file coords.cif (mmCIF, C-alpha atoms)
data_input
#
loop_
_atom_site.group_PDB
_atom_site.id
_atom_site.type_symbol
_atom_site.label_atom_id
_atom_site.label_comp_id
_atom_site.auth_asym_id
_atom_site.auth_seq_id
_atom_site.Cartn_x
_atom_site.Cartn_y
_atom_site.Cartn_z
ATOM 1 C CA MET A 228 121.675 101.188 161.137
ATOM 2 C CA HIS A 229 121.566 103.485 158.163
ATOM 3 C CA GLY A 230 123.777 101.066 156.263
ATOM 4 C CA ASN A 231 121.344 98.203 156.830
ATOM 5 C CA ILE A 232 118.396 100.342 155.722
ATOM 6 C CA ARG A 233 120.268 101.344 152.576
ATOM 7 C CA ILE A 234 121.037 97.682 151.752
ATOM 8 C CA LEU A 235 117.376 96.731 152.251
ATOM 9 C CA TRP A 236 116.228 99.658 150.059
ATOM 10 C CA LEU A 237 118.648 98.753 147.262
ATOM 11 C CA GLY A 238 117.498 95.122 147.435
ATOM 12 C CA ALA A 239 113.853 96.143 147.171
ATOM 13 C CA LEU A 240 114.682 98.429 144.238
ATOM 14 C CA ALA A 241 116.487 95.611 142.410
ATOM 15 C CA VAL A 242 113.501 93.289 142.878
ATOM 16 C CA GLY A 243 111.183 96.034 141.644
ATOM 17 C CA LEU A 244 113.271 96.542 138.528
ATOM 18 C CA LEU A 245 113.225 92.815 137.808
ATOM 19 C CA LEU A 246 109.441 92.785 138.115
ATOM 20 C CA VAL A 247 108.951 95.849 135.932
ATOM 21 C CA ALA A 248 111.425 94.942 133.190
ATOM 22 C CA PRO A 249 109.454 92.038 131.678
ATOM 23 C CA LEU A 250 106.269 94.154 131.699
ATOM 24 C CA THR A 251 108.028 97.040 129.972
ATOM 25 C CA LYS A 252 109.413 94.718 127.352
ATOM 26 C CA THR A 253 105.968 93.265 126.673
ATOM 27 C CA LEU A 254 104.312 96.669 126.368
ATOM 28 C CA ALA A 255 106.999 97.960 124.026
ATOM 29 C CA ASN A 256 106.817 94.876 121.769
ATOM 30 C CA GLU A 257 110.599 94.814 121.728
ATOM 31 C CA ASP A 258 110.596 91.303 120.285
ATOM 32 C CA SER A 259 108.581 92.415 117.246
ATOM 33 C CA GLU A 260 110.417 93.078 114.007
ATOM 34 C CA MET A 261 109.851 96.646 112.846
ATOM 35 C CA SER A 262 108.818 97.487 109.274
ATOM 36 C CA ILE A 263 109.302 100.591 107.148
ATOM 37 C CA ALA A 264 106.771 102.503 105.038
ATOM 38 C CA THR A 265 107.374 105.680 103.046
ATOM 39 C CA PHE A 266 104.737 108.128 101.848
ATOM 40 C CA ALA A 267 104.909 111.377 99.895
ATOM 41 C CA GLY A 268 101.968 113.592 100.726
ATOM 42 C CA GLY A 269 103.123 117.085 99.887
ATOM 43 C CA CYS A 270 104.721 119.121 102.658
ATOM 44 C CA PHE A 271 106.291 116.620 105.042
ATOM 45 C CA TRP A 272 105.466 118.829 108.016
ATOM 46 C CA CYS A 273 101.818 117.877 107.576
ATOM 47 C CA MET A 274 102.463 114.167 107.107
ATOM 48 C CA GLU A 275 104.278 113.610 110.392
ATOM 49 C CA PRO A 276 101.436 114.260 112.899
ATOM 50 C CA PRO A 277 98.846 111.765 111.604
ATOM 51 C CA PHE A 278 101.379 108.944 111.593
ATOM 52 C CA HIS A 279 102.875 109.915 114.949
ATOM 53 C CA GLN A 280 99.363 109.619 116.375
ATOM 54 C CA THR A 281 98.832 106.135 114.941
ATOM 55 C CA GLU A 282 99.188 103.271 117.408
ATOM 56 C CA GLY A 283 101.998 100.937 116.445
ATOM 57 C CA VAL A 284 104.109 103.641 114.793
ATOM 58 C CA THR A 285 107.395 104.060 116.639
ATOM 59 C CA ASP A 286 109.111 106.732 114.530
ATOM 60 C CA VAL A 287 108.380 109.188 111.720
ATOM 61 C CA VAL A 288 111.206 110.956 109.879
ATOM 62 C CA ALA A 289 110.797 113.723 107.319
ATOM 63 C CA GLY A 290 113.034 113.396 104.295
ATOM 64 C CA TYR A 291 113.507 113.053 100.562
ATOM 65 C CA MET A 292 113.200 110.123 98.164
ATOM 66 C CA GLY A 293 113.065 109.406 94.463
ATOM 67 C CA GLY A 294 115.638 111.780 93.011
ATOM 68 C CA ALA A 295 119.004 111.603 91.287
ATOM 69 C CA VAL A 296 121.109 113.718 93.683
ATOM 70 C CA ASP A 297 122.906 112.210 96.671
ATOM 71 C CA ASN A 298 122.137 113.728 100.062
ATOM 72 C CA PRO A 299 120.138 116.682 98.690
ATOM 73 C CA SER A 300 119.485 119.793 100.760
ATOM 74 C CA TYR A 301 116.053 121.291 101.307
ATOM 75 C CA ARG A 302 117.008 124.178 99.042
ATOM 76 C CA GLU A 303 117.963 121.770 96.248
ATOM 77 C CA VAL A 304 114.791 119.709 96.572
ATOM 78 C CA SER A 305 112.670 122.859 96.733
ATOM 79 C CA SER A 306 113.995 123.906 93.333
ATOM 80 C CA GLY A 307 112.100 120.973 91.852
ATOM 81 C CA ASN A 308 115.176 119.953 89.845
ATOM 82 C CA THR A 309 116.496 116.974 91.816
ATOM 83 C CA GLY A 310 113.571 114.628 91.215
ATOM 84 C CA HIS A 311 113.072 114.037 94.944
ATOM 85 C CA LEU A 312 109.722 114.147 96.677
ATOM 86 C CA GLU A 313 109.213 115.284 100.240
ATOM 87 C CA VAL A 314 108.344 112.133 102.184
ATOM 88 C CA ALA A 315 107.609 110.829 105.647
ATOM 89 C CA GLN A 316 109.311 107.542 106.465
ATOM 90 C CA ILE A 317 107.478 105.527 109.079
ATOM 91 C CA THR A 318 108.864 102.813 111.330
ATOM 92 C CA TYR A 319 106.047 100.638 112.619
ATOM 93 C CA ASP A 320 105.260 97.430 114.441
ATOM 94 C CA PRO A 321 103.230 95.239 112.050
ATOM 95 C CA SER A 322 101.849 93.293 115.018
ATOM 96 C CA LEU A 323 100.100 96.485 116.122
ATOM 97 C CA VAL A 324 99.300 98.303 112.872
ATOM 98 C CA SER A 325 99.097 96.933 109.338
ATOM 99 C CA PHE A 326 100.376 98.511 106.151
ATOM 100 C CA ASP A 327 96.756 98.682 104.970
ATOM 101 C CA GLU A 328 95.909 100.808 108.006
ATOM 102 C CA LEU A 329 98.844 103.110 107.258
ATOM 103 C CA LEU A 330 97.547 103.456 103.702
ATOM 104 C CA GLU A 331 94.209 104.576 105.116
ATOM 105 C CA VAL A 332 95.944 107.234 107.220
ATOM 106 C CA PHE A 333 97.810 108.374 104.112
ATOM 107 C CA TRP A 334 94.730 108.709 101.882
ATOM 108 C CA ARG A 335 92.850 110.637 104.563
ATOM 109 C CA ASN A 336 95.546 113.299 104.774
ATOM 110 C CA ILE A 337 96.141 114.199 101.111
ATOM 111 C CA ASP A 338 94.369 115.253 97.934
ATOM 112 C CA PRO A 339 95.069 112.233 95.696
ATOM 113 C CA THR A 340 93.640 113.990 92.626
ATOM 114 C CA ASP A 341 96.274 116.749 92.477
ATOM 115 C CA SER A 342 98.903 115.921 89.849
ATOM 116 C CA TYR A 343 101.250 118.823 90.506
ATOM 117 C CA GLY A 344 101.567 119.332 94.231
ATOM 118 C CA GLN A 345 99.413 119.574 97.313
ATOM 119 C CA PHE A 346 97.255 122.559 98.162
ATOM 120 C CA ALA A 347 99.353 125.765 98.239
ATOM 121 C CA ASP A 348 102.578 123.865 97.556
ATOM 122 C CA ARG A 349 103.180 123.512 93.826
ATOM 123 C CA GLY A 350 105.910 121.594 92.051
ATOM 124 C CA PRO A 351 107.026 118.009 91.428
ATOM 125 C CA GLN A 352 108.632 117.758 94.865
ATOM 126 C CA TYR A 353 105.146 117.987 96.420
ATOM 127 C CA LYS A 354 103.489 115.258 94.364
ATOM 128 C CA THR A 355 101.899 112.340 96.196
ATOM 129 C CA ALA A 356 103.327 108.825 96.041
ATOM 130 C CA ILE A 357 103.534 105.542 97.888
ATOM 131 C CA PHE A 358 107.092 104.211 97.910
ATOM 132 C CA CYS A 359 106.922 100.427 98.294
ATOM 133 C CA HIS A 360 109.699 98.570 100.096
ATOM 134 C CA ASP A 361 108.662 95.111 98.923
ATOM 135 C CA GLU A 362 106.205 93.297 96.671
ATOM 136 C CA GLU A 363 103.696 92.845 99.478
ATOM 137 C CA GLN A 364 103.497 96.592 99.986
ATOM 138 C CA ARG A 365 103.159 97.158 96.240
ATOM 139 C CA ILE A 366 100.229 94.748 95.965
ATOM 140 C CA ALA A 367 98.536 96.355 98.972
ATOM 141 C CA ALA A 368 99.103 99.854 97.587
ATOM 142 C CA VAL A 369 97.652 98.973 94.181
ATOM 143 C CA ALA A 370 94.602 97.368 95.784
ATOM 144 C CA SER A 371 94.120 100.316 98.120
ATOM 145 C CA ARG A 372 94.318 102.858 95.309
ATOM 146 C CA LYS A 373 91.866 100.836 93.217
ATOM 147 C CA ALA A 374 89.440 100.639 96.151
ATOM 148 C CA LEU A 375 89.612 104.415 96.575
ATOM 149 C CA GLU A 376 89.005 104.928 92.849
ATOM 150 C CA GLU A 377 85.981 102.646 92.911
ATOM 151 C CA SER A 378 84.572 104.189 96.084
ATOM 152 C CA GLY A 379 83.452 107.301 94.223
ATOM 153 C CA LYS A 380 84.882 109.475 96.991
ATOM 154 C CA PHE A 381 86.539 111.710 94.405
ATOM 155 C CA SER A 382 85.061 112.739 91.080
ATOM 156 C CA ASP A 383 88.491 113.423 89.578
ATOM 157 C CA PRO A 384 90.991 110.638 88.800
ATOM 158 C CA ILE A 385 93.349 109.382 91.514
ATOM 159 C CA VAL A 386 96.846 110.366 90.364
ATOM 160 C CA THR A 387 98.972 109.252 93.328
ATOM 161 C CA ASP A 388 101.997 107.304 92.088
ATOM 162 C CA ILE A 389 103.034 103.873 93.349
ATOM 163 C CA ARG A 390 106.806 103.576 93.119
ATOM 164 C CA GLU A 391 109.612 101.322 94.219
ATOM 165 C CA ALA A 392 111.368 102.668 97.298
ATOM 166 C CA ALA A 393 114.715 104.334 96.658
ATOM 167 C CA GLU A 394 117.417 105.690 98.938
ATOM 168 C CA PHE A 395 115.990 107.780 101.739
ATOM 169 C CA PHE A 396 117.685 110.997 102.823
ATOM 170 C CA PRO A 397 116.537 112.478 106.151
ATOM 171 C CA ALA A 398 115.688 116.163 105.982
ATOM 172 C CA GLU A 399 117.515 118.773 108.027
ATOM 173 C CA GLU A 400 116.955 118.625 111.768
ATOM 174 C CA TYR A 401 114.821 121.778 111.895
ATOM 175 C CA HIS A 402 112.219 120.008 109.710
ATOM 176 C CA GLN A 403 111.891 117.041 112.066
ATOM 177 C CA ASP A 404 108.789 117.213 114.287
ATOM 178 C CA TYR A 405 108.166 120.713 112.987
ATOM 179 C CA TYR A 406 104.564 120.615 114.183
ATOM 180 C CA LYS A 407 105.864 120.277 117.749
ATOM 181 C CA LYS A 408 108.751 122.722 117.552
ATOM 182 C CA ASN A 409 106.780 125.458 115.801
ATOM 183 C CA ALA A 410 103.165 124.646 116.600
ATOM 184 C CA LEU A 411 101.716 128.106 115.922
ATOM 185 C CA HIS A 412 103.348 128.430 112.524
ATOM 186 C CA TYR A 413 102.521 124.841 111.606
ATOM 187 C CA ASN A 414 98.841 125.210 112.467
ATOM 188 C CA ALA A 415 98.605 128.515 110.603
ATOM 189 C CA TYR A 416 100.302 126.934 107.593
ATOM 190 C CA LYS A 417 98.023 123.892 107.578
ATOM 191 C CA VAL A 418 94.943 126.113 107.590
ATOM 192 C CA GLY A 419 96.339 128.765 105.248
ATOM 193 C CA SER A 420 97.533 126.225 102.687
ATOM 194 C CA GLY A 421 94.014 124.860 102.337
ATOM 195 C CA ARG A 422 94.867 121.379 103.587
ATOM 196 C CA ALA A 423 92.876 121.552 106.817
ATOM 197 C CA GLY A 424 89.719 122.779 105.087
ATOM 198 C CA PHE A 425 89.978 120.191 102.322
ATOM 199 C CA LEU A 426 90.388 117.308 104.774
ATOM 200 C CA LYS A 427 87.494 118.490 106.905
ATOM 201 C CA LYS A 428 85.210 118.872 103.905
ATOM 202 C CA THR A 429 86.271 115.588 102.314
ATOM 203 C CA TRP A 430 86.243 113.364 105.362
ATOM 204 C CA ASP A 431 83.696 115.319 107.426
ATOM 205 C CA LYS A 432 86.106 115.782 110.291
ATOM 206 C CA ASP A 433 89.193 117.758 111.147
ATOM 207 C CA GLU A 434 92.136 115.445 110.459
ATOM 208 C CA LYS A 435 95.099 115.996 112.756
#

call {"tool": "encode", "arguments": {"input": "coords.cif", "output": "structure tokens"}}
result
Amino acid sequence: MHGNIRILWLGALAVGLLLVAPLTKTLANEDSEMSIATFAGGCFWCMEPPFHQTEGVTDVVAGYMGGAVDNPSYREVSSGNTGHLEVAQITYDPSLVSFDELLEVFWRNIDPTDSYGQFADRGPQYKTAIFCHDEEQRIAAVASRKALEESGKFSDPIVTDIREAAEFFPAEEYHQDYYKKNALHYNAYKVGSGRAGFLKKTWDKDEK
């Protein structure tokens, strides 16, 4: 008796899995080809949350790009001598979120008028930049920057660089998802660095 019940239960489970699988695949957009975008916005801890919270983004990795040293360490990049910038590399589904929308997230989470860092973080490694992975991204980035310049949102010049993407080096594991692993320290840093106040004042809301 128990054997028959078990067979019936396993059969029902198999049917259930077959019914759920197509739905899961549709929701996850597994057939969509993912794209990559890379942004330097100062401390990469602060650039992960806004992109993680953007629909269509499937992964955000903190790392380094733009320098002359292979596989640099955080200590090396922090010296400002390697030429790397701290970046967030985003994997996204272009059927759900466009590169233009990612650019909007980027602009709303930085000070694009600061030519030598971001907020309390000073040095070339904290400069802002859009690293373009193809010509389409470059054209969109140039147009987006021009639109921001012409909007009059900032009285000072927009100094964010637009560069060709280079080799990406993921940062050390303890930097990944830092805002989740060390929420208290991250939140204190974001406020203490001046970023949170600047974003609230500039965009009239508290950016996350």

call {"tool": "resolve_selection", "arguments": {"input": "coords.cif", "expression": "the PyMOL selection byres ((chain A and resi 274-287) around 7)", "output": "VMD selection string"}}
result
chain A and resid 268 271 to 273 288 to 289 315 to 320 323 to 324 332 404 435

call {"tool": "write_last_selection", "arguments": {"input": "coords.cif", "atoms": "C-alpha atoms", "output": "compact mmCIF listing (two decimals), keeping the file's coordinate frame"}}
result
# COMPACT_ATOMS: atom_id res chain seq x y z
CA GLY A 268 101.97 113.59 100.73
CA PHE A 271 106.29 116.62 105.04
CA TRP A 272 105.47 118.83 108.02
CA CYS A 273 101.82 117.88 107.58
CA VAL A 288 111.21 110.96 109.88
CA ALA A 289 110.80 113.72 107.32
CA ALA A 315 107.61 110.83 105.65
CA GLN A 316 109.31 107.54 106.46
CA ILE A 317 107.48 105.53 109.08
CA THR A 318 108.86 102.81 111.33
CA TYR A 319 106.05 100.64 112.62
CA ASP A 320 105.26 97.43 114.44
CA LEU A 323 100.10 96.48 116.12
CA VAL A 324 99.30 98.30 112.87
CA VAL A 332 95.94 107.23 107.22
CA ASP A 404 108.79 117.21 114.29
CA LYS A 435 95.10 116.00 112.76

call {"tool": "atom_distance", "arguments": {"input": "coords.cif", "atom1": "atom CA of Val304 of chain A", "atom2": "atom CA of Gln352 of chain A"}}
result
6.7 Å

call {"tool": "atom_distance", "arguments": {"input": "coords.cif", "atom1": "atom CA of Ile357 of chain A", "atom2": "atom CA of Pro384 of chain A"}}
result
16.3 Å

call {"tool": "resolve_selection", "arguments": {"input": "coords.cif", "expression": "the PyMOL selection byres ((chain A and resi 389-402) around 8)", "output": "VMD selection string"}}
result
chain A and resid 265 272 288 to 293 298 to 301 356 to 361 365 368 to 369 387 to 388 403 to 405

call {"tool": "write_last_selection", "arguments": {"input": "coords.cif", "atoms": "C-alpha atoms", "output": "tab-separated table (two decimals), keeping the file's coordinate frame"}}
result
chain	number	residue	atom	x	y	z
A	265	THR	CA	107.37	105.68	103.05
A	272	TRP	CA	105.47	118.83	108.02
A	288	VAL	CA	111.21	110.96	109.88
A	289	ALA	CA	110.80	113.72	107.32
A	290	GLY	CA	113.03	113.40	104.30
A	291	TYR	CA	113.51	113.05	100.56
A	292	MET	CA	113.20	110.12	98.16
A	293	GLY	CA	113.06	109.41	94.46
A	298	ASN	CA	122.14	113.73	100.06
A	299	PRO	CA	120.14	116.68	98.69
A	300	SER	CA	119.48	119.79	100.76
A	301	TYR	CA	116.05	121.29	101.31
A	356	ALA	CA	103.33	108.82	96.04
A	357	ILE	CA	103.53	105.54	97.89
A	358	PHE	CA	107.09	104.21	97.91
A	359	CYS	CA	106.92	100.43	98.29
A	360	HIS	CA	109.70	98.57	100.10
A	361	ASP	CA	108.66	95.11	98.92
A	365	ARG	CA	103.16	97.16	96.24
A	368	ALA	CA	99.10	99.85	97.59
A	369	VAL	CA	97.65	98.97	94.18
A	387	THR	CA	98.97	109.25	93.33
A	388	ASP	CA	102.00	107.30	92.09
A	403	GLN	CA	111.89	117.04	112.07
A	404	ASP	CA	108.79	117.21	114.29
A	405	TYR	CA	108.17	120.71	112.99

call {"tool": "closest_residue", "arguments": {"input": "coords.cif", "among": "A:Ile337, A:Leu375, A:Leu329, A:Val314", "to": "Leu426 of chain A", "atoms": "only C-alpha atoms"}}
result
A:Ile337

call {"tool": "closest_residue", "arguments": {"input": "coords.cif", "among": "A:Gly419, A:Pro351, A:Pro339, A:Gly269", "to": "Arg372 of chain A", "atoms": "only C-alpha atoms"}}
result
A:Pro339

call {"tool": "atom_distance", "arguments": {"input": "coords.cif", "atom1": "atom CA of Glu328 of chain A", "atom2": "atom CA of Gly421 of chain A"}}
result
24.8 Å

call {"tool": "closest_residue", "arguments": {"input": "coords.cif", "among": "A:Gly350, A:Thr355, A:Gln364, A:Gly310", "to": "Ala264 of chain A", "atoms": "all atoms listed in the file"}}
result
A:Gln364

call {"tool": "residues_around", "arguments": {"input": "coords.cif", "residues": "Phe381 of chain A", "least_positions_apart": "3", "cutoff": "10 Å", "atoms": "all atoms listed in the file", "output": "ChimeraX atom specification"}}
result
/A:338-340,375-378,384-385,429

call {"tool": "decode", "arguments": {"input": "coords.cif", "residues": "segment 336-349 of chain A", "atoms": "C-alpha atoms", "output": "PDB file, in the first residue's frame"}}
result
ATOM      1  CA  ASN A 336      24.546  57.794  -7.968  1.00  0.00           C
ATOM      2  CA  ILE A 337      27.697  59.864  -8.579  1.00  0.00           C
ATOM      3  CA  ASP A 338      29.007  63.416  -8.661  1.00  0.00           C
ATOM      4  CA  PRO A 339      29.948  63.740 -12.352  1.00  0.00           C
ATOM      5  CA  THR A 340      31.652  67.104 -11.775  1.00  0.00           C
ATOM      6  CA  ASP A 341      34.427  65.770  -9.517  1.00  0.00           C
ATOM      7  CA  SER A 342      37.646  65.330 -11.504  1.00  0.00           C
ATOM      8  CA  TYR A 343      39.739  63.722  -8.784  1.00  0.00           C
ATOM      9  CA  GLY A 344      37.626  61.206  -6.929  1.00  0.00           C
ATOM     10  CA  GLN A 345      34.219  60.890  -5.351  1.00  0.00           C
ATOM     11  CA  PHE A 346      33.231  62.531  -2.093  1.00  0.00           C
ATOM     12  CA  ALA A 347      35.650  61.539   0.708  1.00  0.00           C
ATOM     13  CA  ASP A 348      37.599  59.205  -1.579  1.00  0.00           C
ATOM     14  CA  ARG A 349      40.376  61.071  -3.372  1.00  0.00           C
TER      15      ARG A 349
END
